[in-house]
>>> print(open('coords.cif').read())   # mmCIF, C-alpha atoms
data_start
loop_
_atom_site.label_atom_id
_atom_site.label_comp_id
_atom_site.auth_asym_id
_atom_site.auth_seq_id
_atom_site.Cartn_x
_atom_site.Cartn_y
_atom_site.Cartn_z
CA MET A 1 -44.59 -34.91 -13.43
CA ALA A 2 -43.71 -33.62 -16.88
CA CYS A 3 -43.08 -35.91 -19.78
CA GLU A 4 -39.39 -36.77 -19.90
CA ARG A 5 -38.89 -35.98 -23.58
CA PHE A 6 -40.20 -32.43 -23.11
CA GLU A 7 -38.28 -31.55 -19.95
CA LYS A 8 -35.63 -29.41 -21.67
CA ALA A 9 -38.12 -28.05 -24.17
CA LEU A 10 -40.24 -26.77 -21.28
CA ILE A 11 -37.28 -24.78 -19.92
CA GLU A 12 -36.62 -23.38 -23.40
CA GLU A 13 -40.30 -22.50 -23.77
CA ALA A 14 -40.27 -20.72 -20.42
CA ILE A 15 -37.28 -18.64 -21.52
CA GLU A 16 -38.48 -17.93 -25.05
CA PRO A 17 -42.13 -18.78 -25.69
CA GLY A 18 -43.41 -20.03 -29.02
CA GLY A 19 -40.27 -21.62 -30.30
CA ASN A 20 -41.42 -25.25 -30.37
CA ALA A 21 -44.50 -26.33 -32.35
CA ASP A 22 -44.35 -29.94 -31.11
CA LEU A 23 -44.42 -28.78 -27.51
CA ALA A 24 -47.31 -26.44 -28.19
CA SER A 25 -49.48 -29.29 -29.52
CA HIS A 26 -48.38 -31.55 -26.67
CA LEU A 27 -49.26 -28.96 -24.03
CA ALA A 28 -52.83 -28.87 -25.28
CA ASN A 29 -53.29 -32.53 -24.23
CA CYS A 30 -50.92 -32.84 -21.23
CA PRO A 31 -51.92 -31.08 -17.99
CA ASP A 32 -48.72 -32.24 -16.20
CA CYS A 33 -46.50 -30.56 -18.77
CA SER A 34 -48.68 -27.45 -18.64
CA GLU A 35 -48.23 -27.34 -14.88
CA GLU A 36 -44.49 -27.88 -15.26
CA LEU A 37 -44.33 -25.07 -17.82
CA ALA A 38 -46.03 -22.75 -15.35
CA LEU A 39 -43.42 -23.66 -12.75
CA GLN A 40 -40.59 -23.05 -15.21
CA ARG A 41 -42.06 -19.67 -16.11
CA GLY A 42 -42.28 -18.81 -12.43
CA LEU A 43 -38.66 -19.79 -11.99
CA GLN A 44 -37.59 -17.65 -14.95
CA GLU A 45 -39.51 -14.70 -13.53
CA ARG A 46 -37.68 -15.09 -10.26
CA ILE A 47 -34.37 -15.36 -12.07
CA THR A 48 -35.15 -12.21 -14.03
CA ALA A 49 -36.15 -10.39 -10.86
CA GLY A 50 -33.13 -11.70 -8.97
CA VAL A 51 -30.59 -10.73 -11.62
CA GLY A 52 -32.35 -7.41 -12.08
CA ALA A 53 -32.21 -6.76 -8.35
CA LEU A 54 -28.48 -7.39 -8.38
CA VAL A 55 -27.91 -4.52 -10.79
CA ALA A 56 -30.85 -2.30 -9.91
CA GLU A 57 -29.10 -0.09 -7.43
CA GLY A 58 -26.97 2.75 -8.66
CA PRO A 59 -23.85 4.02 -6.96
CA SER A 60 -24.00 6.56 -4.19
CA PRO A 61 -23.13 10.16 -5.07
CA VAL A 62 -20.08 9.74 -2.90
CA LEU A 63 -18.50 7.49 -5.51
CA LEU A 64 -18.22 10.24 -8.09
CA ALA A 65 -16.88 12.64 -5.49
CA ARG A 66 -14.29 10.09 -4.44
CA VAL A 67 -13.19 9.48 -8.01
CA ARG A 68 -12.93 13.19 -8.77
CA HIS A 69 -11.01 13.77 -5.57
CA GLN A 70 -8.56 11.01 -6.36
CA ILE A 71 -8.06 12.22 -9.90
CA ALA A 72 -7.37 15.70 -8.58
CA ALA A 73 -4.85 14.21 -6.17
CA GLU A 74 -3.04 12.62 -9.09
CA ARG A 75 -2.38 15.99 -10.65
CA ALA A 76 0.86 16.20 -8.69
CA PRO A 77 3.51 17.54 -11.03
CA ARG A 78 5.04 14.58 -12.73
CA GLY A 79 6.26 16.51 -15.70
CA PHE A 80 9.90 15.51 -15.52
CA PRO A 81 10.24 12.11 -13.91
CA TRP A 82 13.71 11.70 -15.41
CA LEU A 83 14.76 14.95 -13.76
CA GLN A 84 13.53 13.73 -10.38
CA TRP A 85 15.48 10.52 -10.77
CA ALA A 86 18.57 12.48 -11.80
CA MET A 87 18.26 14.75 -8.77
CA ALA A 88 17.88 11.77 -6.49
CA GLY A 89 20.97 10.15 -7.99
CA LEU A 90 22.98 13.32 -7.57
CA ALA A 91 21.92 13.63 -3.94
CA ILE A 92 22.96 10.04 -3.24
CA ALA A 93 26.31 10.58 -4.96
CA ALA A 94 26.93 13.77 -2.99
CA CYS A 95 26.16 11.97 0.27
CA ALA A 96 28.57 9.18 -0.67
CA VAL A 97 31.36 11.65 -1.47
CA LEU A 98 30.83 13.55 1.78
CA TRP A 99 30.83 10.36 3.77
CA TYR A 100 34.05 9.20 2.13
CA ALA A 101 35.81 12.50 2.71
CA PHE A 102 34.79 12.93 6.33
CA ARG A 103 34.71 9.40 7.59
CA PRO A 104 36.60 8.96 10.93
CA GLN A 105 39.41 6.83 9.49
CA ALA A 106 40.28 9.52 6.98
CA GLN A 107 41.10 11.98 9.75
CA VAL A 108 43.51 9.58 11.40
CA ARG A 109 45.21 7.95 8.45
CA THR A 110 45.63 10.88 6.13
CA PRO A 111 48.97 12.59 6.83
CA GLN A 112 47.63 15.98 5.90
CA ALA A 113 44.74 15.60 8.24
CA GLN A 114 47.10 14.59 11.05
CA VAL A 115 49.21 17.71 10.57
CA VAL A 116 46.20 19.88 10.74
CA ASN A 117 44.59 18.12 13.63
CA ALA A 118 47.52 17.42 15.84
CA PRO A 119 47.76 20.86 17.46
CA ALA A 120 44.05 20.91 17.92
CA GLN A 121 44.24 17.65 19.80
CA ILE A 122 46.98 18.89 22.03
CA GLN A 123 45.65 22.35 22.58
CA PRO A 124 42.61 21.43 24.65
CA SER A 125 44.74 19.58 27.16
CA THR A 126 46.16 22.87 28.39
CA GLN A 127 42.73 23.95 29.43
CA GLN A 128 40.76 20.81 29.90
CA VAL A 129 41.44 19.26 33.21
CA PRO A 130 39.99 15.81 33.63
CA VAL A 131 37.49 16.25 36.37
CA LEU A 132 35.84 13.19 37.77
CA ALA A 133 32.73 14.92 39.04
CA ALA A 134 31.46 17.58 41.40
CA PRO A 135 30.81 21.20 40.50
CA ALA A 136 33.60 23.74 40.86
CA ALA A 137 32.11 25.29 43.96
CA LYS A 138 32.25 22.00 45.81
CA ARG A 139 35.75 20.65 45.43
CA PRO A 140 36.63 19.31 48.81
CA ASN A 141 39.57 17.11 47.96
CA SER A 142 42.00 18.27 45.40
CA VAL A 143 44.47 15.50 45.05
CA ALA A 144 46.35 16.80 42.09
CA ASN A 145 49.78 15.29 41.43
CA HIS A 146 48.97 12.29 43.58
CA LEU A 147 46.30 11.00 41.33
CA ALA A 148 47.64 12.18 38.01
CA VAL A 149 47.68 9.44 35.48
CA SER A 150 51.23 8.50 34.63
CA ARG A 151 52.21 9.47 31.15
CA PRO A 152 54.47 7.08 29.26
CA PRO A 153 57.89 8.58 28.55
CA ILE A 154 58.40 9.94 25.11
CA ASN A 155 61.73 8.76 23.79
CA LYS A 156 64.08 11.02 21.89
CA ILE A 157 61.92 14.10 22.11
CA PRO A 158 63.69 17.26 23.17
CA ALA A 159 62.23 19.33 25.93
CA GLU A 160 61.51 22.29 23.61
CA ALA A 161 59.27 20.17 21.44
CA VAL A 162 57.50 18.74 24.40
CA GLU A 163 56.93 22.18 25.86
CA LYS A 164 55.64 23.31 22.52
CA TYR A 165 52.84 20.81 22.35
CA ILE A 166 52.41 19.36 25.80
CA PRO A 167 51.18 21.47 28.69
CA ALA A 168 53.50 22.03 31.56
CA GLN A 169 50.76 21.47 34.04
CA THR A 170 50.08 17.97 35.15
CA PRO A 171 46.47 16.98 34.59
CA GLU A 172 44.52 17.56 37.72
CA VAL A 173 41.94 15.18 39.03
CA ILE A 174 39.24 16.50 41.30
CA VAL A 175 37.72 13.80 43.41
CA PRO A 176 34.20 14.28 44.65
CA PRO A 177 33.33 13.58 48.26
CA GLY A 178 33.28 9.94 49.19
CA GLN A 179 35.13 8.70 46.11
CA ARG A 180 38.69 9.20 47.22
CA GLU A 181 39.13 5.58 48.19
CA ALA A 182 37.76 4.42 44.88
CA VAL A 183 40.08 6.65 42.91
CA LEU A 184 43.09 5.50 44.94
CA ARG A 185 42.20 1.92 44.17
CA LEU A 186 41.94 2.78 40.52
CA VAL A 187 45.35 4.47 40.48
CA ASN A 188 46.94 1.55 42.30
CA ALA A 189 45.38 -0.84 39.85
CA LEU A 190 46.65 1.13 36.87
CA GLN A 191 50.17 1.43 38.34
CA SER A 192 50.39 -2.24 39.17
CA GLY A 193 49.15 -3.14 35.70
CA ARG A 194 46.25 -5.17 37.10
CA VAL A 195 42.84 -3.77 36.66
CA ASP A 196 40.34 -5.71 38.65
CA ALA A 197 36.99 -4.13 37.89
CA ALA A 198 35.31 -5.95 40.74
CA SER A 199 37.73 -4.57 43.30
CA LEU A 200 37.20 -1.08 41.97
CA LEU A 201 33.48 -1.27 42.29
CA ARG A 202 33.20 -3.17 45.53
CA PRO A 203 33.33 -0.95 48.65
CA ALA A 204 35.47 -2.18 51.53
CA GLN A 205 32.72 -1.49 54.02
CA THR A 206 29.18 -0.42 53.54
CA GLY A 207 28.97 3.34 53.25
CA GLU A 208 32.71 3.84 53.26
CA PHE A 209 32.75 5.40 49.81
CA ALA A 210 30.55 5.81 46.82
CA LEU A 211 31.21 3.85 43.69
CA LEU A 212 33.39 5.48 41.12
CA LYS A 213 31.13 6.61 38.34
CA ILE A 214 33.51 8.21 35.87
CA ALA A 215 36.36 6.43 34.21
CA PRO A 216 39.76 8.11 34.51
CA ILE A 217 41.11 9.81 31.43
CA GLU A 218 44.56 9.18 30.14
CA VAL A 219 45.98 12.11 28.24
CA LYS A 220 48.23 11.16 25.33
CA PRO A 221 49.53 14.02 23.25
CA LEU A 222 49.71 13.43 19.54
CA LEU A 223 52.63 14.73 17.59
CA SER A 224 52.21 16.12 14.15
CA GLU A 225 54.42 15.19 11.24
CA GLU A 226 55.88 18.67 11.41
CA SER A 227 56.96 18.31 14.99
CA LYS A 228 58.41 14.88 14.27
CA GLN A 229 60.48 16.37 11.48
CA ASP A 230 61.65 19.13 13.83
CA LEU A 231 62.68 16.53 16.33
CA GLY A 232 64.59 14.57 13.70
CA LYS A 233 66.48 17.65 12.63
CA GLN A 234 67.40 18.48 16.19
CA GLU A 235 68.68 14.98 16.73
CA ASN A 236 70.90 15.21 13.65
CA HIS A 237 72.44 18.40 14.96
CA MET B 1 -15.20 19.45 -14.11
CA GLN B 2 -12.60 22.11 -13.69
CA ALA B 3 -10.63 19.84 -11.46
CA LEU B 4 -10.28 17.32 -14.22
CA GLU B 5 -9.23 19.75 -16.85
CA ALA B 6 -5.53 19.74 -17.50
CA THR B 7 -5.11 16.96 -14.95
CA LEU B 8 -5.38 14.03 -17.29
CA PRO B 9 -2.12 12.16 -17.76
CA GLY B 10 -0.39 13.67 -20.71
CA SER B 11 -2.23 16.95 -20.33
CA ARG B 12 0.62 18.96 -18.88
CA VAL B 13 0.92 22.55 -19.82
CA GLN B 14 4.56 23.24 -20.54
CA GLY B 15 4.46 26.80 -21.67
CA LYS B 16 2.94 28.98 -24.34
CA SER B 17 4.45 26.96 -27.14
CA ASP B 18 2.39 23.97 -26.04
CA THR B 19 -0.94 25.74 -26.15
CA SER B 20 -2.38 23.37 -28.73
CA GLU B 21 -1.24 20.40 -26.68
CA ALA B 22 -2.83 21.85 -23.57
CA THR B 23 -6.05 22.53 -25.44
CA ARG B 24 -6.15 18.97 -26.70
CA ALA B 25 -5.53 17.65 -23.21
CA ALA B 26 -8.31 19.81 -21.83
CA ASP B 27 -10.66 18.44 -24.48
CA VAL B 28 -9.73 14.91 -23.55
CA ALA B 29 -10.32 15.69 -19.88
CA ARG B 30 -13.69 17.17 -20.71
CA GLU B 31 -14.61 14.06 -22.67
CA PHE B 32 -13.69 11.86 -19.75
CA GLU B 33 -15.70 13.98 -17.36
CA GLU B 34 -18.72 13.71 -19.65
CA GLN B 35 -18.50 9.93 -19.54
CA LEU B 36 -17.69 9.74 -15.86
CA ALA B 37 -21.21 9.66 -14.41
CA ASP B 38 -22.49 7.05 -16.84
CA GLY B 39 -19.31 5.05 -16.56
CA ALA B 40 -19.47 5.10 -12.77
CA SER B 41 -23.00 3.71 -12.82
CA LEU B 42 -22.05 0.98 -15.28
CA ALA B 43 -18.90 -0.03 -13.44
CA PHE B 44 -20.70 -0.05 -10.11
CA ARG B 45 -23.60 -2.20 -11.33
CA LEU B 46 -21.29 -4.70 -12.93
CA ALA B 47 -19.19 -4.92 -9.80
CA LEU B 48 -22.32 -5.21 -7.67
CA SER B 49 -23.60 -8.11 -9.74
CA VAL B 50 -20.39 -9.97 -9.02
CA LEU B 51 -19.71 -8.94 -5.45
CA ARG B 52 -23.28 -8.39 -4.20
CA ASN B 53 -22.01 -5.86 -1.69
CA ARG B 54 -22.34 -2.12 -2.16
CA ALA B 55 -19.17 -1.08 -0.37
CA ASP B 56 -17.01 -3.55 -2.27
CA ALA B 57 -18.70 -2.64 -5.55
CA GLU B 58 -18.00 1.05 -5.00
CA ASP B 59 -14.36 0.31 -4.25
CA VAL B 60 -14.07 -1.67 -7.46
CA ALA B 61 -15.89 0.97 -9.49
CA GLN B 62 -13.60 3.65 -8.12
CA GLU B 63 -10.49 1.68 -8.98
CA ALA B 64 -11.83 0.86 -12.44
CA LEU B 65 -12.59 4.52 -13.15
CA LEU B 66 -9.16 5.58 -11.99
CA ARG B 67 -7.50 3.03 -14.22
CA ALA B 68 -9.67 4.16 -17.08
CA TYR B 69 -8.70 7.76 -16.38
CA ARG B 70 -5.01 6.92 -16.41
CA GLY B 71 -5.30 5.18 -19.76
CA TYR B 72 -7.93 7.39 -21.33
CA SER B 73 -5.51 9.54 -23.28
CA LYS B 74 -4.12 6.39 -24.91
CA LEU B 75 -7.56 5.13 -25.93
CA ARG B 76 -7.83 5.65 -29.67
CA GLU B 77 -11.56 4.99 -30.06
CA ARG B 78 -13.49 7.04 -27.56
CA GLY B 79 -16.63 5.09 -28.45
CA ALA B 80 -15.05 1.96 -27.01
CA PHE B 81 -14.65 3.58 -23.61
CA ARG B 82 -17.64 1.96 -21.93
CA GLY B 83 -16.80 -1.52 -23.17
CA TRP B 84 -13.24 -1.02 -22.04
CA LEU B 85 -14.44 0.20 -18.65
CA CYS B 86 -16.73 -2.83 -18.45
CA ARG B 87 -13.83 -5.19 -18.90
CA ILE B 88 -11.74 -3.38 -16.28
CA ALA B 89 -14.55 -3.34 -13.72
CA TRP B 90 -15.48 -6.93 -14.41
CA ARG B 91 -11.93 -8.16 -14.01
CA LEU B 92 -11.38 -6.17 -10.82
CA ALA B 93 -14.65 -7.43 -9.37
CA LEU B 94 -13.76 -11.04 -10.10
CA ASP B 95 -10.35 -10.54 -8.53
CA LYS B 96 -11.93 -9.08 -5.46
CA GLN B 97 -14.51 -11.83 -5.26
CA ARG B 98 -11.78 -14.38 -4.87
CA GLY B 99 -10.87 -13.05 -1.47
CA ALA B 100 -12.37 -15.33 1.14
CA ARG B 101 -12.43 -12.65 3.77
CA ARG B 102 -14.47 -10.37 1.57
CA ARG B 103 -16.96 -13.11 1.03
CA GLU B 104 -17.47 -13.54 4.77
CA LYS B 105 -17.93 -9.83 5.32
CA ARG B 106 -20.35 -9.65 2.43
CA GLU B 107 -22.52 -12.37 3.89
CA GLN B 108 -22.54 -10.59 7.24
CA ALA B 109 -23.51 -7.34 5.54
CA GLU B 110 -26.30 -9.11 3.67
CA VAL B 111 -27.73 -10.33 6.94
CA THR B 112 -27.52 -6.81 8.37
CA GLU B 113 -29.18 -5.27 5.33
CA MET B 114 -31.84 -7.93 5.43
CA LEU B 115 -32.65 -7.20 9.07
CA ASP B 116 -32.68 -3.47 8.40
CA ALA B 117 -35.52 -3.73 5.87
CA PRO B 118 -38.74 -3.14 7.86
CA GLN B 119 -41.21 -3.23 4.98
CA ARG B 120 -40.84 -6.98 4.38
CA SER B 121 -42.05 -9.77 6.59
CA VAL B 122 -39.62 -12.22 8.09
CA GLU B 123 -40.87 -15.00 5.82
CA GLN B 124 -40.50 -12.82 2.74
CA ILE B 125 -37.03 -11.80 3.79
CA ALA B 126 -36.04 -15.38 4.40
CA ALA B 127 -37.49 -16.62 1.11
CA THR B 128 -36.03 -13.78 -0.95
CA SER B 129 -32.67 -13.97 0.72
CA GLU B 130 -32.56 -17.73 0.30
CA PHE B 131 -33.38 -17.51 -3.38
CA GLU B 132 -30.94 -14.66 -4.00
CA GLY B 133 -28.25 -16.62 -2.26
CA HIS B 134 -28.87 -19.68 -4.45
CA LEU B 135 -29.12 -17.51 -7.54
CA GLY B 136 -25.89 -15.74 -6.74
CA ARG B 137 -24.03 -19.00 -6.27
CA ALA B 138 -25.51 -20.39 -9.47
CA MET B 139 -24.40 -17.25 -11.32
CA ASP B 140 -20.91 -17.60 -9.92
CA GLU B 141 -20.74 -21.01 -11.56
CA LEU B 142 -21.72 -19.72 -14.98
CA PRO B 143 -19.05 -19.32 -17.64
CA GLU B 144 -17.76 -15.76 -17.59
CA LYS B 145 -19.01 -14.87 -21.07
CA LEU B 146 -22.54 -15.98 -20.29
CA ARG B 147 -22.57 -14.31 -16.93
CA GLN B 148 -21.36 -10.98 -18.29
CA ALA B 149 -23.96 -10.94 -21.05
CA LEU B 150 -26.73 -11.87 -18.61
CA VAL B 151 -25.81 -9.12 -16.15
CA LEU B 152 -25.43 -6.41 -18.78
CA ALA B 153 -28.73 -7.37 -20.36
CA ALA B 154 -30.39 -7.17 -16.95
CA ILE B 155 -29.32 -3.57 -16.39
CA GLU B 156 -32.33 -1.37 -16.94
CA GLY B 157 -32.19 0.56 -20.17
CA TYR B 158 -29.61 -1.62 -21.83
CA SER B 159 -30.93 -3.18 -25.01
CA THR B 160 -29.40 -6.17 -26.70
CA ARG B 161 -27.82 -3.83 -29.24
CA GLU B 162 -26.18 -1.75 -26.51
CA VAL B 163 -24.89 -4.86 -24.79
CA ALA B 164 -23.56 -6.04 -28.12
CA ASN B 165 -21.77 -2.72 -28.55
CA LEU B 166 -20.33 -2.89 -25.08
CA LEU B 167 -19.03 -6.41 -25.57
CA ASP B 168 -18.09 -5.79 -29.19
CA LEU B 169 -20.17 -8.77 -30.28
CA PRO B 170 -22.98 -9.39 -32.79
CA GLU B 171 -26.48 -9.02 -31.36
CA GLY B 172 -27.25 -12.65 -32.16
CA THR B 173 -24.31 -13.78 -30.05
CA VAL B 174 -25.50 -11.70 -27.13
CA LYS B 175 -29.04 -13.12 -27.39
CA SER B 176 -27.67 -16.61 -27.59
CA ARG B 177 -25.46 -16.08 -24.54
CA VAL B 178 -28.27 -14.62 -22.46
CA HIS B 179 -30.54 -17.49 -23.44
CA LEU B 180 -27.91 -20.05 -22.62
CA ALA B 181 -27.19 -18.38 -19.30
CA ARG B 182 -30.85 -18.48 -18.32
CA LYS B 183 -31.12 -22.09 -19.34
CA GLN B 184 -28.11 -23.09 -17.28
CA LEU B 185 -29.42 -21.15 -14.31
CA ALA B 186 -32.79 -22.84 -14.61
CA GLU B 187 -31.13 -26.25 -14.73
CA LYS B 188 -29.09 -25.44 -11.65
CA LEU B 189 -32.15 -24.18 -9.80
CA GLN B 190 -34.58 -26.93 -10.80
CA TRP B 191 -34.84 -28.16 -7.24
CA LEU B 192 -36.05 -24.70 -6.28
CA ALA B 193 -38.82 -24.91 -8.89
CA LYS B 194 -39.90 -28.22 -7.40
CA ASP B 195 -39.71 -26.67 -3.94
CA LEU B 196 -42.02 -23.91 -5.14
CA LYS B 197 -44.41 -26.56 -6.37
CA LYS B 198 -44.57 -28.13 -2.89
CA ARG B 199 -45.38 -24.78 -1.29
#
>>> encode(input="coords.cif", output="structure tokens")
Amino acid sequence: MACERFEKALIEEAIEPGGNADLASHLANCPDCSEELALQRGLQERITAGVGALVAEGPSPVLLARVRHQIAAERAPRGFPWLQWAMAGLAIAACAVLWYAFRPQAQVRTPQAQVVNAPAQIQPSTQQVPVLAAPAAKRPNSVANHLAVSRPPINKIPAEAVEKYIPAQTPEVIVPPGQREAVLRLVNALQSGRVDAASLLRPAQTGEFALLKIAPIEVKPLLSEESKQDLGKQENH
Amino acid sequence: MQALEATLPGSRVQGKSDTSEATRAADVAREFEEQLADGASLAFRLALSVLRNRADAEDVAQEALLRAYRGYSKLRERGAFRGWLCRIAWRLALDKQRGARRREKREQAEVTEMLDAPQRSVEQIAATSEFEGHLGRAMDELPEKLRQALVLAAIEGYSTREVANLLDLPEGTVKSRVHLARKQLAEKLQWLAKDLKKR
């Protein structure tokens, strides 16, 4: 057991020998303190070795390679960051303008767009026949006229204007095998004004008919502003 | 070397009119490359002293070097590069040390490394590992200034004067800090000294 008054001095002596004359004279006559000093020196040696071991190892060669590789990767051209931002802004603005010009509402609400699009909307109806299913080679039941969807009457439109934009042919509905009953139910439901989805989908007897898979299409011709003006003029005459 | 030339931030070649600028940038890149190997070793050892795990220390050293690279062209005194790198690596290592998950992985890796060393006996491994563990924890508790001076002074080949240059401090201050760090470590590890006495 070291003398209490030299405890800290022994640690100091172990770290830096020869700094304390009092301790040196005391050590000559005190074996306990000498033993304690030896222990403190041993501890300092272990501390030195331990701290040295922490920093003894160098990095692996891979570290330098990694750093060089990453630095090379950073050489991406960043010469004009402001130009890149400007280009990005222009691209966003162009997208916004395009979206605004061609959004769906614009085609409907803009009068000019309606004039342009109206004939195009009518034109396909002369060729496109609403077909419920089945390829052309297998058309067993053609029930045209019977199953045509009723078109609401167009008031105050002369026949010439109607013939100009509306096809003379009545839309034809081709019913695939086994769905005749379902289509008849659908037509009855539409004519009566009551559409009961459950009754349309529920077969009367098992295997009597297949469920109707395609919704019927109601053809409504759109009139352009030009045709409306023509109609107005004809009425005035 | 060639890869680094003209790749340093601010070293863009923008045409023949900027030849002098490009030349200057290439010189700066060359300077950085010359300091890279030594800087990598320094940053790694510092990080290793804090993290005590090679993989983590290499990650920190890499990040520190990259940050140094990015700011190198702005560094006015090239002689201060290593001290600056020291501070970056030290700060990054301390930040990384704070992650609890990293600490757990590090301890697991230490056990693995310990078991992989065939030249030491089990008792030696246990004693050394135990002491290093206590020493590491005691170092973690040291004030940052003392700890940094102690670690830098422990790196082989670094004299007190070089440490003083790195830390931008007088030599006397460095000596005093190292001394104080050792004293505080000894006080924290006194029970180990007494344990040695019993053995």
>>> residues_around(input="coords.cif", residues="Ala89 in chain B", least_positions_apart="3", cutoff="7 Å", atoms="all atoms listed in the file", output="ChimeraX atom specification")
/B:43,46-47,60-61,64,85-86,92-93
>>> write_last_selection(input="coords.cif", atoms="C-alpha atoms", output="mmCIF file, in the coordinates of the input")
data_model
loop_
_atom_site.group_PDB
_atom_site.id
_atom_site.type_symbol
_atom_site.label_atom_id
_atom_site.label_comp_id
_atom_site.auth_asym_id
_atom_site.auth_seq_id
_atom_site.Cartn_x
_atom_site.Cartn_y
_atom_site.Cartn_z
ATOM 1 C CA ALA B 43 -18.900 -0.030 -13.440
ATOM 2 C CA LEU B 46 -21.290 -4.700 -12.930
ATOM 3 C CA ALA B 47 -19.190 -4.920 -9.800
ATOM 4 C CA VAL B 60 -14.070 -1.670 -7.460
ATOM 5 C CA ALA B 61 -15.890 0.970 -9.490
ATOM 6 C CA ALA B 64 -11.830 0.860 -12.440
ATOM 7 C CA LEU B 85 -14.440 0.200 -18.650
ATOM 8 C CA CYS B 86 -16.730 -2.830 -18.450
ATOM 9 C CA LEU B 92 -11.380 -6.170 -10.820
ATOM 10 C CA ALA B 93 -14.650 -7.430 -9.370
#
>>> closest_residue(input="coords.cif", among="B:Leu65, B:Asn53, B:Gly71, B:Lys188", to="Glu141 in chain B", atoms="only C-alpha atoms")
B:Lys188
>>> interface_residues(input="coords.cif", of="chain A", to="chain B", cutoff="12 Å", atoms="all atoms listed in the file", output="JSON, numbers by chain")
{"A": [1, 2, 7, 8, 9, 10, 11, 12, 13, 14, 15, 16, 17, 35, 36, 37, 38, 39, 40, 41, 42, 43, 44, 45, 46, 47, 48, 49, 50, 51, 52, 53, 54, 55, 56, 57, 58, 59, 60, 61, 62, 63, 64, 65, 66, 67, 68, 69, 70, 71, 72, 73, 74, 75, 76, 77, 78, 79, 80]}
>>> atom_distance(input="coords.cif", atom1="CA of Trp84 in chain B", atom2="CA of Glu21 in chain B")
25.0 Å
>>> atom_distance(input="coords.cif", atom1="CA of Ala149 in chain B", atom2="CA of Val163 in chain B")
7.2 Å
>>> atom_distance(input="coords.cif", atom1="CA of Val28 in chain B", atom2="CA of Glu77 in chain B")
12.0 Å
>>> residues_around(input="coords.cif", residues="Thr160 in chain B", least_positions_apart="5", cutoff="9 Å", atoms="all atoms listed in the file", output="ChimeraX atom specification")
/B:152-153,165,171-172,174-175
>>> write_last_selection(input="coords.cif", atoms="C-alpha atoms", output="mmCIF file, in the coordinates of the input")
data_model
loop_
_atom_site.group_PDB
_atom_site.id
_atom_site.type_symbol
_atom_site.label_atom_id
_atom_site.label_comp_id
_atom_site.auth_asym_id
_atom_site.auth_seq_id
_atom_site.Cartn_x
_atom_site.Cartn_y
_atom_site.Cartn_z
ATOM 1 C CA LEU B 152 -25.430 -6.410 -18.780
ATOM 2 C CA ALA B 153 -28.730 -7.370 -20.360
ATOM 3 C CA ASN B 165 -21.770 -2.720 -28.550
ATOM 4 C CA GLU B 171 -26.480 -9.020 -31.360
ATOM 5 C CA GLY B 172 -27.250 -12.650 -32.160
ATOM 6 C CA VAL B 174 -25.500 -11.700 -27.130
ATOM 7 C CA LYS B 175 -29.040 -13.120 -27.390
#
>>> axis_aligned_box(input="coords.cif", around="range 52-55 of chain A", padding_each_side="6 Å", output="AutoDock Vina command-line options")
--center_x -30.1 --center_y -6.0 --center_z -10.2 --size_x 16.4 --size_y 14.9 --size_z 15.7
